file query02.cif (mmCIF, C-alpha atoms (C1' of nucleotides))
data_structure
loop_
_atom_site.label_atom_id
_atom_site.label_comp_id
_atom_site.auth_asym_id
_atom_site.auth_seq_id
_atom_site.Cartn_x
_atom_site.Cartn_y
_atom_site.Cartn_z
CA MET A 21 -132.58 109.43 34.96
CA ASN A 22 -131.45 112.92 34.08
CA ASP A 23 -129.63 113.35 37.39
CA SER A 24 -126.24 112.06 38.29
CA ASP A 25 -127.30 110.35 41.50
CA GLU A 26 -130.63 109.76 43.09
CA GLY A 27 -130.37 106.05 43.56
CA ALA A 28 -130.60 105.01 47.21
CA GLY A 29 -132.24 108.36 47.87
CA SER A 30 -131.00 109.61 51.22
CA ALA A 31 -127.83 111.67 51.16
CA ALA A 32 -128.35 113.08 47.67
CA ARG A 33 -130.90 115.77 48.49
CA SER A 34 -128.32 118.49 49.02
CA LYS A 35 -128.36 120.67 45.91
CA ARG A 36 -129.91 124.07 45.95
CA ARG A 37 -132.63 124.78 43.44
CA ASP A 38 -130.74 127.54 41.62
CA ALA A 39 -127.74 125.28 41.26
CA ARG A 40 -129.85 122.60 39.68
CA ARG A 41 -131.46 125.12 37.35
CA ASN A 42 -128.05 126.44 36.32
CA GLN A 43 -126.83 122.96 35.52
CA GLU A 44 -129.69 122.46 33.08
CA THR A 45 -129.19 125.89 31.57
CA LEU A 46 -125.54 125.05 31.11
CA LEU A 47 -126.34 121.77 29.43
CA ASP A 48 -128.69 123.46 26.98
CA ALA A 49 -126.25 126.27 26.33
CA ALA A 50 -123.39 123.85 25.75
CA ALA A 51 -125.47 121.79 23.34
CA ALA A 52 -126.39 124.93 21.40
CA VAL A 53 -122.82 126.19 21.24
CA PHE A 54 -121.51 122.75 20.26
CA VAL A 55 -123.89 122.72 17.32
CA ARG A 56 -123.01 126.26 16.31
CA SER A 57 -119.26 126.32 16.87
CA GLY A 58 -118.17 122.73 17.34
CA VAL A 59 -117.13 120.80 20.40
CA GLU A 60 -113.93 122.77 20.78
CA ALA A 61 -115.75 126.05 21.34
CA PRO A 62 -114.18 128.27 24.03
CA VAL A 63 -115.55 127.72 27.51
CA ARG A 64 -116.22 131.44 27.74
CA ASP A 65 -118.68 131.17 24.87
CA ILE A 66 -120.68 128.55 26.68
CA ALA A 67 -120.71 130.59 29.86
CA ALA A 68 -121.87 133.63 27.90
CA GLU A 69 -124.57 131.65 26.10
CA ALA A 70 -125.85 130.39 29.45
CA GLY A 71 -125.50 133.82 31.02
CA VAL A 72 -123.34 132.57 33.88
CA GLY A 73 -119.79 133.11 35.04
CA MET A 74 -116.79 130.93 34.41
CA GLY A 75 -116.80 129.68 37.96
CA THR A 76 -120.25 128.22 37.57
CA ILE A 77 -119.32 126.15 34.59
CA TYR A 78 -116.26 124.68 36.25
CA ARG A 79 -118.11 123.93 39.48
CA HIS A 80 -120.73 121.88 37.70
CA PHE A 81 -118.37 120.29 35.21
CA PRO A 82 -114.84 120.12 36.61
CA THR A 83 -113.36 119.47 33.20
CA ARG A 84 -114.59 120.17 29.73
CA ALA A 85 -114.77 116.45 29.15
CA ASP A 86 -117.41 116.12 31.84
CA LEU A 87 -119.51 118.69 30.07
CA ILE A 88 -119.22 116.90 26.76
CA ILE A 89 -120.12 113.59 28.37
CA ALA A 90 -123.15 115.13 30.03
CA VAL A 91 -124.34 116.62 26.75
CA TYR A 92 -123.98 113.43 24.72
CA ARG A 93 -124.55 110.74 27.34
CA HIS A 94 -128.03 109.88 26.11
CA GLN A 95 -126.95 109.36 22.55
CA VAL A 96 -123.95 107.25 23.48
CA ASP A 97 -126.13 105.09 25.67
CA ALA A 98 -128.64 104.71 22.85
CA CYS A 99 -125.86 103.60 20.54
CA ALA A 100 -124.61 101.09 23.05
CA GLU A 101 -128.07 99.64 23.51
CA ALA A 102 -128.63 99.37 19.78
CA GLY A 103 -125.85 96.78 19.50
CA PRO A 104 -127.59 93.73 20.95
CA ALA A 105 -130.85 94.78 19.29
CA LEU A 106 -129.23 94.81 15.86
CA LEU A 107 -127.56 91.51 16.51
CA ALA A 108 -130.97 90.00 17.27
CA THR A 109 -132.77 91.42 14.25
CA SER A 110 -130.16 91.38 11.49
CA ALA A 111 -129.70 88.66 8.93
CA THR A 112 -126.08 88.00 9.86
CA PRO A 113 -123.70 89.18 12.59
CA HIS A 114 -121.58 90.93 9.99
CA ALA A 115 -124.60 92.88 8.80
CA ALA A 116 -125.37 93.85 12.38
CA LEU A 117 -121.81 94.98 12.87
CA GLY A 118 -121.96 97.11 9.74
CA GLN A 119 -125.20 98.76 10.77
CA TRP A 120 -123.99 99.40 14.28
CA ILE A 121 -120.76 100.97 13.07
CA ASN A 122 -122.89 103.13 10.80
CA LEU A 123 -124.83 104.34 13.80
CA PHE A 124 -121.62 105.24 15.54
CA VAL A 125 -120.21 107.01 12.52
CA ASP A 126 -123.40 109.03 12.08
CA PHE A 127 -123.22 110.10 15.68
CA LEU A 128 -119.60 111.21 15.42
CA VAL A 129 -119.89 112.91 12.08
CA THR A 130 -122.87 115.04 13.05
CA LYS A 131 -121.05 116.53 16.05
CA HIS A 132 -118.48 118.94 14.71
CA GLY A 133 -115.08 117.99 15.95
CA LEU A 134 -116.20 115.39 18.48
CA ALA A 135 -114.10 112.72 16.81
CA ALA A 136 -111.02 114.90 17.02
CA VAL A 137 -111.57 115.63 20.67
CA LEU A 138 -112.30 111.99 21.32
CA ARG A 139 -108.92 110.83 20.18
CA SER A 140 -107.03 113.74 21.74
CA ASP A 141 -104.35 112.42 24.06
CA ASP A 142 -104.57 115.65 25.99
CA ALA A 143 -104.86 114.72 29.66
CA GLY A 144 -108.18 115.94 31.03
CA PHE A 145 -110.05 114.18 28.28
CA GLU A 146 -109.34 110.87 29.91
CA THR A 147 -112.80 110.66 31.42
CA LEU A 148 -114.40 111.35 28.04
CA HIS A 149 -112.22 108.76 26.43
CA ALA A 150 -113.00 106.31 29.19
CA TYR A 151 -116.72 106.87 28.99
CA PHE A 152 -116.94 106.18 25.29
CA LEU A 153 -114.67 103.17 25.60
CA ASP A 154 -116.43 101.67 28.60
CA ARG A 155 -119.77 102.05 26.94
CA LEU A 156 -119.06 101.06 23.37
CA VAL A 157 -116.08 98.73 23.25
CA PRO A 158 -117.90 95.83 24.94
CA VAL A 159 -120.76 96.16 22.47
CA CYS A 160 -118.35 96.17 19.57
CA ALA A 161 -116.53 93.20 21.02
CA GLN A 162 -119.79 91.29 21.25
CA LEU A 163 -120.62 92.02 17.63
CA LEU A 164 -117.13 91.07 16.50
CA GLU A 165 -117.27 87.86 18.43
CA ALA A 166 -120.60 86.93 16.89
CA ALA A 167 -119.31 87.64 13.40
CA ALA A 168 -116.11 85.71 14.05
CA GLY A 169 -118.17 82.84 15.43
CA ALA A 170 -120.18 82.78 12.22
CA ASP A 171 -116.91 82.63 10.28
CA GLU A 172 -117.70 85.87 8.49
CA ILE A 173 -114.62 87.84 9.52
CA ARG A 174 -111.01 87.19 10.37
CA SER A 175 -110.40 86.39 13.98
CA GLY A 176 -108.03 88.31 16.18
CA ILE A 177 -109.55 91.71 15.55
CA ASP A 178 -109.44 93.83 18.65
CA ALA A 179 -112.59 95.80 19.43
CA TYR A 180 -110.71 98.66 21.01
CA GLU A 181 -108.45 99.01 18.04
CA LEU A 182 -111.35 98.91 15.60
CA MET A 183 -113.29 101.55 17.54
CA ARG A 184 -110.29 103.83 17.62
CA GLY A 185 -109.76 103.31 13.94
CA VAL A 186 -113.35 104.15 13.10
CA GLY A 187 -113.21 107.18 15.39
CA ASN A 188 -110.03 108.33 13.71
CA LEU A 189 -111.52 107.93 10.26
CA CYS A 190 -114.33 110.26 11.32
CA ILE A 191 -111.98 113.08 12.22
CA GLY A 192 -112.52 116.11 10.05
CA ALA A 193 -115.36 114.42 8.18
CA ASP A 194 -117.41 117.58 8.34
CA SER A 195 -115.62 120.64 6.97
CA ASP A 196 -114.26 118.72 4.00
CA PRO A 197 -116.67 117.83 1.21
CA ARG A 198 -114.04 115.75 -0.57
CA TYR A 199 -113.74 113.42 2.39
CA ASP A 200 -116.51 110.98 3.22
CA ALA A 201 -115.70 109.08 6.37
CA ARG A 202 -118.61 106.70 5.86
CA ARG A 203 -117.14 105.39 2.64
CA LEU A 204 -113.78 104.67 4.23
CA VAL A 205 -115.30 103.05 7.28
CA GLU A 206 -117.23 100.84 4.92
CA LEU A 207 -113.96 99.88 3.25
CA LEU A 208 -112.44 99.11 6.62
CA ILE A 209 -115.36 96.89 7.57
CA ALA A 210 -115.12 95.19 4.20
CA GLY A 211 -111.46 94.54 4.92
CA LEU A 212 -112.54 92.69 8.04
CA ARG A 213 -114.12 89.95 6.02
CA ARG A 214 -112.42 86.62 5.98
CA PRO A 215 -110.50 86.25 2.71
CA HIS A 216 -111.74 83.04 1.08
CA MET B 20 -79.69 121.38 -3.10
CA ASN B 21 -79.91 122.38 0.52
CA ASP B 22 -80.73 125.97 -0.37
CA SER B 23 -84.05 127.34 -1.41
CA ASP B 24 -82.87 129.10 -4.54
CA GLU B 25 -79.59 129.18 -6.34
CA GLY B 26 -80.76 128.23 -9.78
CA ALA B 27 -80.16 130.97 -12.35
CA GLY B 28 -77.57 132.41 -10.00
CA SER B 29 -77.80 136.17 -10.25
CA ALA B 30 -80.34 137.87 -8.00
CA ALA B 31 -80.31 135.19 -5.31
CA ARG B 32 -77.04 136.11 -3.62
CA SER B 33 -78.70 138.37 -1.07
CA LYS B 34 -78.76 136.51 2.23
CA ARG B 35 -76.29 137.38 4.88
CA ARG B 36 -74.07 134.64 6.19
CA ASP B 37 -75.38 134.76 9.76
CA ALA B 38 -78.93 134.49 8.50
CA ARG B 39 -78.10 131.41 6.52
CA ARG B 40 -76.32 129.88 9.46
CA ASN B 41 -79.28 130.57 11.72
CA GLN B 42 -81.64 128.91 9.31
CA GLU B 43 -79.64 125.69 9.44
CA THR B 44 -79.34 125.89 13.22
CA LEU B 45 -83.09 126.33 13.39
CA LEU B 46 -83.72 123.34 11.18
CA ASP B 47 -81.50 121.13 13.33
CA ALA B 48 -83.02 122.44 16.53
CA ALA B 49 -86.55 121.91 15.27
CA ALA B 50 -85.75 118.36 14.20
CA ALA B 51 -84.32 117.62 17.64
CA VAL B 52 -87.27 119.13 19.48
CA PHE B 53 -89.75 117.36 17.22
CA VAL B 54 -88.14 114.04 18.09
CA ARG B 55 -88.05 114.84 21.79
CA SER B 56 -91.41 116.56 22.31
CA GLY B 57 -93.44 115.91 19.19
CA VAL B 58 -94.39 118.13 16.30
CA GLU B 59 -96.67 120.26 18.44
CA ALA B 60 -93.86 121.46 20.67
CA PRO B 61 -94.08 125.17 21.62
CA VAL B 62 -92.26 127.50 19.27
CA ARG B 63 -90.46 128.96 22.27
CA ASP B 64 -88.85 125.58 22.92
CA ILE B 65 -87.43 125.44 19.44
CA ALA B 66 -86.13 128.96 19.71
CA ALA B 67 -84.49 128.10 23.03
CA GLU B 68 -82.98 124.90 21.63
CA ALA B 69 -81.50 126.86 18.76
CA GLY B 70 -80.41 129.68 21.06
CA VAL B 71 -82.22 132.34 19.06
CA GLY B 72 -85.15 134.66 19.66
CA MET B 73 -88.74 134.23 18.61
CA GLY B 74 -88.39 136.83 15.92
CA THR B 75 -85.70 134.84 14.17
CA ILE B 76 -87.81 131.74 13.93
CA TYR B 77 -90.77 133.58 12.47
CA ARG B 78 -88.65 135.47 9.99
CA HIS B 79 -87.21 132.32 8.53
CA PHE B 80 -90.41 130.29 8.75
CA PRO B 81 -93.46 132.55 8.67
CA THR B 82 -95.73 129.82 9.96
CA ARG B 83 -95.07 126.71 11.94
CA ALA B 84 -96.20 124.71 8.95
CA ASP B 85 -93.30 126.07 6.90
CA LEU B 86 -90.89 124.87 9.55
CA ILE B 87 -92.39 121.40 9.57
CA ILE B 88 -92.27 121.22 5.80
CA ALA B 89 -88.65 122.28 5.78
CA VAL B 90 -87.75 119.66 8.35
CA TYR B 91 -89.48 116.77 6.61
CA ARG B 92 -89.30 117.78 2.97
CA HIS B 93 -86.61 115.29 2.08
CA GLN B 94 -88.48 112.34 3.51
CA VAL B 95 -91.75 113.30 1.86
CA ASP B 96 -89.98 113.65 -1.46
CA ALA B 97 -88.36 110.27 -1.00
CA CYS B 98 -91.74 108.72 -0.34
CA ALA B 99 -93.20 110.33 -3.42
CA GLU B 100 -90.37 109.06 -5.56
CA ALA B 101 -90.68 105.54 -4.20
CA GLY B 102 -94.13 105.18 -5.76
CA PRO B 103 -93.21 104.71 -9.41
CA ALA B 104 -90.19 102.66 -8.38
CA LEU B 105 -92.35 100.21 -6.44
CA LEU B 106 -94.80 100.03 -9.29
CA ALA B 107 -92.00 99.02 -11.61
CA THR B 108 -90.47 96.37 -9.35
CA SER B 109 -93.45 94.82 -7.59
CA ALA B 110 -95.27 91.71 -8.68
CA THR B 111 -98.65 93.41 -8.97
CA PRO B 112 -99.92 96.96 -8.73
CA HIS B 113 -101.85 96.09 -5.59
CA ALA B 114 -98.67 94.85 -3.95
CA ALA B 115 -96.93 98.07 -4.92
CA LEU B 116 -99.77 100.07 -3.46
CA GLY B 117 -99.57 98.14 -0.21
CA GLN B 118 -95.83 98.63 0.10
CA TRP B 119 -96.05 102.29 -0.72
CA ILE B 120 -98.78 102.89 1.84
CA ASN B 121 -96.57 101.09 4.33
CA LEU B 122 -93.79 103.53 3.61
CA PHE B 123 -96.14 106.40 4.20
CA VAL B 124 -97.47 104.93 7.43
CA ASP B 125 -93.96 104.32 8.74
CA PHE B 126 -93.08 107.91 8.04
CA LEU B 127 -96.13 109.26 9.84
CA VAL B 128 -95.95 106.95 12.80
CA THR B 129 -92.33 107.69 13.59
CA LYS B 130 -92.96 111.44 13.86
CA HIS B 131 -94.85 112.06 17.07
CA GLY B 132 -98.07 113.83 16.33
CA LEU B 133 -97.34 114.62 12.69
CA ALA B 134 -100.47 112.81 11.58
CA ALA B 135 -102.60 114.81 13.97
CA VAL B 136 -101.14 118.09 12.79
CA LEU B 137 -101.47 117.00 9.21
CA ARG B 138 -105.20 116.66 9.40
CA SER B 139 -105.73 119.75 11.56
CA ASP B 140 -108.18 122.08 9.86
CA ASP B 141 -106.57 124.95 11.71
CA ALA B 142 -105.84 127.65 9.14
CA GLY B 143 -102.12 128.25 8.96
CA PHE B 144 -101.46 124.60 8.32
CA GLU B 145 -102.82 124.98 4.83
CA THR B 146 -99.38 125.07 3.30
CA LEU B 147 -98.38 121.91 5.14
CA HIS B 148 -101.56 120.23 4.07
CA ALA B 149 -101.05 121.40 0.52
CA TYR B 150 -97.47 120.23 0.37
CA PHE B 151 -98.25 116.71 1.45
CA LEU B 152 -101.23 116.52 -0.85
CA ASP B 153 -99.47 117.96 -3.88
CA ARG B 154 -96.59 115.61 -3.43
CA LEU B 155 -98.28 112.37 -2.49
CA VAL B 156 -101.81 112.32 -3.87
CA PRO B 157 -100.69 112.07 -7.51
CA VAL B 158 -98.44 109.14 -6.65
CA CYS B 159 -101.26 107.41 -4.83
CA ALA B 160 -103.60 108.10 -7.73
CA GLN B 161 -101.15 106.51 -10.12
CA LEU B 162 -100.88 103.40 -7.98
CA LEU B 163 -104.63 103.17 -7.59
CA GLU B 164 -105.13 103.56 -11.29
CA ALA B 165 -102.66 100.80 -12.04
CA ALA B 166 -104.33 98.47 -9.57
CA ALA B 167 -107.76 99.31 -10.91
CA GLY B 168 -106.50 98.74 -14.43
CA ALA B 169 -105.31 95.30 -13.39
CA ASP B 170 -108.78 94.61 -11.99
CA GLU B 171 -107.36 94.07 -8.52
CA ILE B 172 -109.38 96.70 -6.67
CA ARG B 173 -112.76 98.36 -6.90
CA SER B 174 -112.87 101.36 -9.15
CA GLY B 175 -114.01 104.75 -8.02
CA ILE B 176 -111.64 105.04 -5.10
CA ASP B 177 -110.44 108.59 -4.68
CA ALA B 178 -106.73 108.99 -3.96
CA TYR B 179 -107.24 112.08 -1.83
CA GLU B 180 -109.81 110.36 0.29
CA LEU B 181 -107.65 107.30 0.74
CA MET B 182 -104.63 109.38 1.76
CA ARG B 183 -106.66 111.29 4.28
CA GLY B 184 -108.05 108.07 5.64
CA VAL B 185 -104.62 106.53 6.04
CA GLY B 186 -103.36 109.72 7.63
CA ASN B 187 -106.25 109.73 10.05
CA LEU B 188 -105.67 106.12 10.99
CA CYS B 189 -102.12 107.04 11.95
CA ILE B 190 -103.21 109.66 14.44
CA GLY B 191 -102.17 108.80 17.95
CA ALA B 192 -100.45 105.62 16.78
CA ASP B 193 -97.53 106.32 19.03
CA SER B 194 -98.48 106.89 22.66
CA ASP B 195 -100.95 104.01 22.65
CA PRO B 196 -99.56 100.50 22.69
CA ARG B 197 -103.01 99.00 22.24
CA TYR B 198 -103.44 100.74 18.92
CA ASP B 199 -101.50 99.63 15.88
CA ALA B 200 -102.21 101.87 12.94
CA ARG B 201 -100.39 99.57 10.54
CA ARG B 202 -102.81 96.75 11.18
CA LEU B 203 -105.84 98.93 10.49
CA VAL B 204 -104.34 100.44 7.38
CA GLU B 205 -103.72 96.92 6.17
CA LEU B 206 -107.39 96.16 6.77
CA LEU B 207 -108.36 99.26 4.85
CA ILE B 208 -106.19 98.31 1.91
CA ALA B 209 -107.62 94.80 2.04
CA GLY B 210 -111.08 96.34 1.88
CA LEU B 211 -110.06 97.98 -1.36
CA ARG B 212 -109.86 94.66 -3.12
CA ARG B 213 -112.52 93.86 -5.63
CA PRO B 214 -115.08 91.51 -4.07
CA HIS B 215 -115.30 88.44 -6.32
"C1'" DG C 23 -58.95 150.50 8.88
"C1'" DA C 24 -63.16 153.49 9.43
"C1'" DG C 25 -67.82 154.54 8.41
"C1'" DC C 26 -72.41 153.43 7.29
"C1'" DA C 27 -76.90 151.70 5.67
"C1'" DA C 28 -79.63 147.96 5.87
"C1'" DA C 29 -80.30 143.11 6.93
"C1'" DG C 30 -80.90 140.59 10.75
"C1'" DC C 31 -81.72 139.72 15.62
"C1'" DG C 32 -83.98 139.17 20.28
"C1'" DG C 33 -87.43 139.27 23.45
"C1'" DA C 34 -91.05 142.23 25.47
"C1'" DG C 35 -95.71 142.42 24.64
"C1'" DC C 36 -100.47 141.49 22.75
"C1'" DG C 37 -104.51 138.62 22.17
"C1'" DT C 38 -106.62 134.12 23.12
"C1'" DC C 39 -107.27 130.21 25.51
"C1'" DG C 40 -108.16 126.96 29.82
"C1'" DT C 41 -108.45 127.07 34.60
"C1'" DT C 42 -108.35 128.84 39.54
"C1'" DC C 43 -109.59 131.69 43.36
"C1'" DC C 44 -112.03 134.56 46.41
"C1'" DG C 45 -115.28 138.21 47.94
"C1'" DC C 46 -120.15 138.84 47.33
"C1'" DT C 47 -125.04 137.01 46.86
"C1'" DT C 48 -128.78 134.02 47.63
"C1'" DA C 49 -131.55 130.16 49.17
"C1'" DC C 50 -133.50 127.94 52.86
"C1'" DG C 51 -133.85 125.66 57.59
"C1'" DA C 52 -134.34 127.17 62.36
"C1'" DT D 4 -136.53 136.97 60.65
"C1'" DC D 5 -131.99 135.81 60.42
"C1'" DG D 6 -127.53 133.04 60.07
"C1'" DT D 7 -124.82 130.45 57.26
"C1'" DA D 8 -123.11 127.64 53.92
"C1'" DA D 9 -123.85 126.67 49.11
"C1'" DG D 10 -123.51 128.97 45.10
"C1'" DC D 11 -122.10 132.64 42.00
"C1'" DG D 12 -119.30 135.78 38.88
"C1'" DG D 13 -115.46 137.45 36.79
"C1'" DA D 14 -110.75 139.17 37.74
"C1'" DA D 15 -106.50 137.05 37.45
"C1'" DC D 16 -102.85 133.61 36.22
"C1'" DG D 17 -100.05 130.80 33.19
"C1'" DA D 18 -99.26 128.87 28.55
"C1'" DC D 19 -99.43 129.53 23.98
"C1'" DG D 20 -98.95 131.64 18.94
"C1'" DC D 21 -97.54 135.51 16.84
"C1'" DT D 22 -96.01 140.68 16.11
"C1'" DC D 23 -93.24 144.65 16.53
"C1'" DC D 24 -89.44 147.60 17.18
"C1'" DG D 25 -84.99 149.19 19.17
"C1'" DC D 26 -80.44 147.30 19.04
"C1'" DT D 27 -76.56 144.55 16.80
"C1'" DT D 28 -73.98 142.63 13.14
"C1'" DT D 29 -72.44 142.30 8.50
"C1'" DG D 30 -70.40 143.36 4.42
"C1'" DC D 31 -69.67 147.02 1.26
"C1'" DT D 32 -67.22 151.42 0.13
"C1'" DC D 33 -63.71 154.74 0.45
#

call {"tool": "encode", "arguments": {"input": "query02.cif", "output": "structure tokens"}}
result
Amino acid sequence: MNDSDEGAGSAARSKRRDARRNQETLLDAAAAVFVRSGVEAPVRDIAAEAGVGMGTIYRHFPTRADLIIAVYRHQVDACAEAGPALLATSATPHAALGQWINLFVDFLVTKHGLAAVLRSDDAGFETLHAYFLDRLVPVCAQLLEAAAGADEIRSGIDAYELMRGVGNLCIGADSDPRYDARRLVELLIAGLRRPH
Amino acid sequence: MNDSDEGAGSAARSKRRDARRNQETLLDAAAAVFVRSGVEAPVRDIAAEAGVGMGTIYRHFPTRADLIIAVYRHQVDACAEAGPALLATSATPHAALGQWINLFVDFLVTKHGLAAVLRSDDAGFETLHAYFLDRLVPVCAQLLEAAAGADEIRSGIDAYELMRGVGNLCIGADSDPRYDARRLVELLIAGLRRPH
DNA sequence: GAGCAAAGCGGAGCGTCGTTCCGCTTACGA
DNA sequence: TCGTAAGCGGAACGACGCTCCGCTTTGCTC
């Protein structure tokens, strides 16, 4: 599960052992640097932390986005899987939606600068963008649909738009004690409710 | 009014004519480039557009933030002044708040990338940050207070936080047809309303 | 009009960043 | 043991923000 491809199991056995080891080292180093200096840390720093050259980093992760995805893949997947679970166990769909959004916000806010990078329209982050969207938008859509079906929220809310909005609200949430993204996201979710 | 200082009118008569002319040229050039390439356009581009050297730009506007402020000052001031006016003419304080926020959103959305720059925690944008905040937060606070006084919205909403939230929601609003910042801001403002 | 100090100007140049490229090193099957 | 291709490192390139300094222009004085 921690490898990119070992499914059918025939043509994939090509990587050298040192290469594989370096990839793991790189992942650990990147995670450490991301925690220390934020997601926008210079690539050189990560290379230095891992004790490898620049070439190595770019061979394993062609773009910085790929590195970020690799580092956070597990957590994004966990968040995605939490959606249906919450829907099954919560009192109402709207409650499930609120809790799920909270999960997402917590994830974003604890990674310095991830939210900012996530929304960056800089080409080269497309894959990062795409990964988050592919994984999370359908879950959000499902939750929205359930809540709309239960007549708890307005209809016509677009999951993509809502996710982007929540992501945007999380930008700069660390590094500013006067700004609490959670509170605003809560307001946004409250605004979703059907006016009666 | 278009000069920085000619108030008391004695010690201020120091600038050479060519300097003054260049400053205006620079302002026009920057405005043009901002429209064409967004607020994050390279300084070199602005210098080229104005037909001056890099040194000139940095002498007149020590940081890029100063240039941005100079270009948009009028519009920000207009927005600030619209607050009390709306409060006086609108049916309810909450309506005034909504209209005023709309004004602000329109301003941000029409300037490519301004919202993104506005929230950047990059040092050197402090003055830009400060200018917007100084000018607009008090107005927003006044509107919030009026609405809270009329029992239309929850109390305890912080004007600074709300402004940052709205600003964040406007990030990337151009350059993505699937994302309409206005709609989300509307939702946020709706979420402000006192739950009854 | 001529001379002159200083205000102003331009762009070469520095440091930082992301990314590429290529000669050397190393793992591993024959 | 040895050949070779996969893998490695870091010098090098281009883009950027910003600084610095020799040259030009301006506006005053005589």

call {"tool": "resolve_selection", "arguments": {"input": "query02.cif", "expression": "the PyMOL selection byres ((chain D) within 10 of (chain B))", "output": "VMD selection string"}}
result
chain D and resid 18 to 23 28 to 30

call {"tool": "closest_atom_pairs", "arguments": {"input": "query02.cif", "of": "chain B", "to": "chain C", "cutoff": "7 Å", "atoms": "all atoms listed in the file", "output": "tab-separated table"}}
result
residue	atom	partner	partner_atom	distance
B:Ala38	CA	C:DG30	C1'	6.8
B:Gly72	CA	C:DG32	C1'	4.7
B:Gly74	CA	C:DG32	C1'	6.6
B:Thr75	CA	C:DC31	C1'	6.5

call {"tool": "interface_residues", "arguments": {"input": "query02.cif", "of": "chain B", "to": "chain A", "cutoff": "12 Å", "atoms": "only C-alpha atoms", "output": "PyMOL selection string"}}
result
chain B and resi 59+131-132+134-141+172-173+175-215

call {"tool": "resolve_selection", "arguments": {"input": "query02.cif", "expression": "the PyMOL selection byres ((chain A and resi 87) around 10)", "output": "PDB file with C-alpha atoms, in the frame of the given file"}}
result
ATOM      1  CA  LEU A  46    -125.540 125.050  31.110  1.00  0.00           C
ATOM      2  CA  LEU A  47    -126.340 121.770  29.430  1.00  0.00           C
ATOM      3  CA  ALA A  50    -123.390 123.850  25.750  1.00  0.00           C
ATOM      4  CA  ALA A  51    -125.470 121.790  23.340  1.00  0.00           C
ATOM      5  CA  ILE A  77    -119.320 126.150  34.590  1.00  0.00           C
ATOM      6  CA  TYR A  78    -116.260 124.680  36.250  1.00  0.00           C
ATOM      7  CA  HIS A  80    -120.730 121.880  37.700  1.00  0.00           C
ATOM      8  CA  PHE A  81    -118.370 120.290  35.210  1.00  0.00           C
ATOM      9  CA  PRO A  82    -114.840 120.120  36.610  1.00  0.00           C
ATOM     10  CA  THR A  83    -113.360 119.470  33.200  1.00  0.00           C
ATOM     11  CA  ARG A  84    -114.590 120.170  29.730  1.00  0.00           C
ATOM     12  CA  ALA A  85    -114.770 116.450  29.150  1.00  0.00           C
ATOM     13  CA  ASP A  86    -117.410 116.120  31.840  1.00  0.00           C
ATOM     14  CA  ILE A  88    -119.220 116.900  26.760  1.00  0.00           C
ATOM     15  CA  ILE A  89    -120.120 113.590  28.370  1.00  0.00           C
ATOM     16  CA  ALA A  90    -123.150 115.130  30.030  1.00  0.00           C
ATOM     17  CA  VAL A  91    -124.340 116.620  26.750  1.00  0.00           C
ATOM     18  CA  TYR A  92    -123.980 113.430  24.720  1.00  0.00           C
ATOM     19  CA  ARG A  93    -124.550 110.740  27.340  1.00  0.00           C
ATOM     20  CA  LEU A 148    -114.400 111.350  28.040  1.00  0.00           C
TER      21      LEU A 148
END

call {"tool": "resolve_selection", "arguments": {"input": "query02.cif", "expression": "the PyMOL selection byres ((chain B and resi 115) around 10)", "output": "JSON, numbers by chain"}}
result
{"B": [101, 102, 103, 104, 105, 106, 107, 108, 109, 110, 111, 112, 113, 114, 116, 117, 118, 119, 120, 121, 162, 163, 165, 166]}

call {"tool": "atom_distance", "arguments": {"input": "query02.cif", "atom1": "CA of Val58 in chain B", "atom2": "CA of Leu128 in chain A"}}
result
26.2 Å

call {"tool": "atom_distance", "arguments": {"input": "query02.cif", "atom1": "CA of Gly144 in chain A", "atom2": "CA of Ala66 in chain B"}}
result
28.0 Å

call {"tool": "axis_aligned_box", "arguments": {"input": "query02.cif", "around": "range 79-89 of chain B", "padding_each_side": "4 Å", "output": "lines of an AutoDock Vina configuration file"}}
result
center_x = -91.7
center_y = 126.9
center_z = 8.9
size_x = 17.0
size_y = 19.3
size_z = 14.2

call {"tool": "atom_distance", "arguments": {"input": "query02.cif", "atom1": "CA of Ala48 in chain B", "atom2": "CA of Ala60 in chain B"}}
result
11.6 Å

call {"tool": "build_atoms", "arguments": {"input": "query02.cif", "residues": "range 87-92 of chain B", "atoms": "N, CA and C atoms", "output": "PDB file, in the frame of the given file"}}
result
ATOM      1  N   ILE B  87     -92.189 122.848   9.656  1.00  0.00           N
ATOM      2  CA  ILE B  87     -92.390 121.400   9.570  1.00  0.00           C
ATOM      3  C   ILE B  87     -92.066 120.891   8.171  1.00  0.00           C
ATOM      4  N   ILE B  88     -92.564 121.611   7.181  1.00  0.00           N
ATOM      5  CA  ILE B  88     -92.270 121.220   5.800  1.00  0.00           C
ATOM      6  C   ILE B  88     -90.773 121.169   5.578  1.00  0.00           C
ATOM      7  N   ALA B  89     -90.086 122.221   6.011  1.00  0.00           N
ATOM      8  CA  ALA B  89     -88.650 122.280   5.780  1.00  0.00           C
ATOM      9  C   ALA B  89     -87.943 121.105   6.440  1.00  0.00           C
ATOM     10  N   VAL B  90     -88.405 120.739   7.634  1.00  0.00           N
ATOM     11  CA  VAL B  90     -87.750 119.660   8.350  1.00  0.00           C
ATOM     12  C   VAL B  90     -87.961 118.309   7.657  1.00  0.00           C
ATOM     13  N   TYR B  91     -89.157 118.095   7.120  1.00  0.00           N
ATOM     14  CA  TYR B  91     -89.480 116.770   6.610  1.00  0.00           C
ATOM     15  C   TYR B  91     -89.503 116.663   5.091  1.00  0.00           C
ATOM     16  N   ARG B  92     -89.191 117.762   4.424  1.00  0.00           N
ATOM     17  CA  ARG B  92     -89.300 117.780   2.970  1.00  0.00           C
ATOM     18  C   ARG B  92     -88.594 116.610   2.305  1.00  0.00           C
TER      19      ARG B  92
END
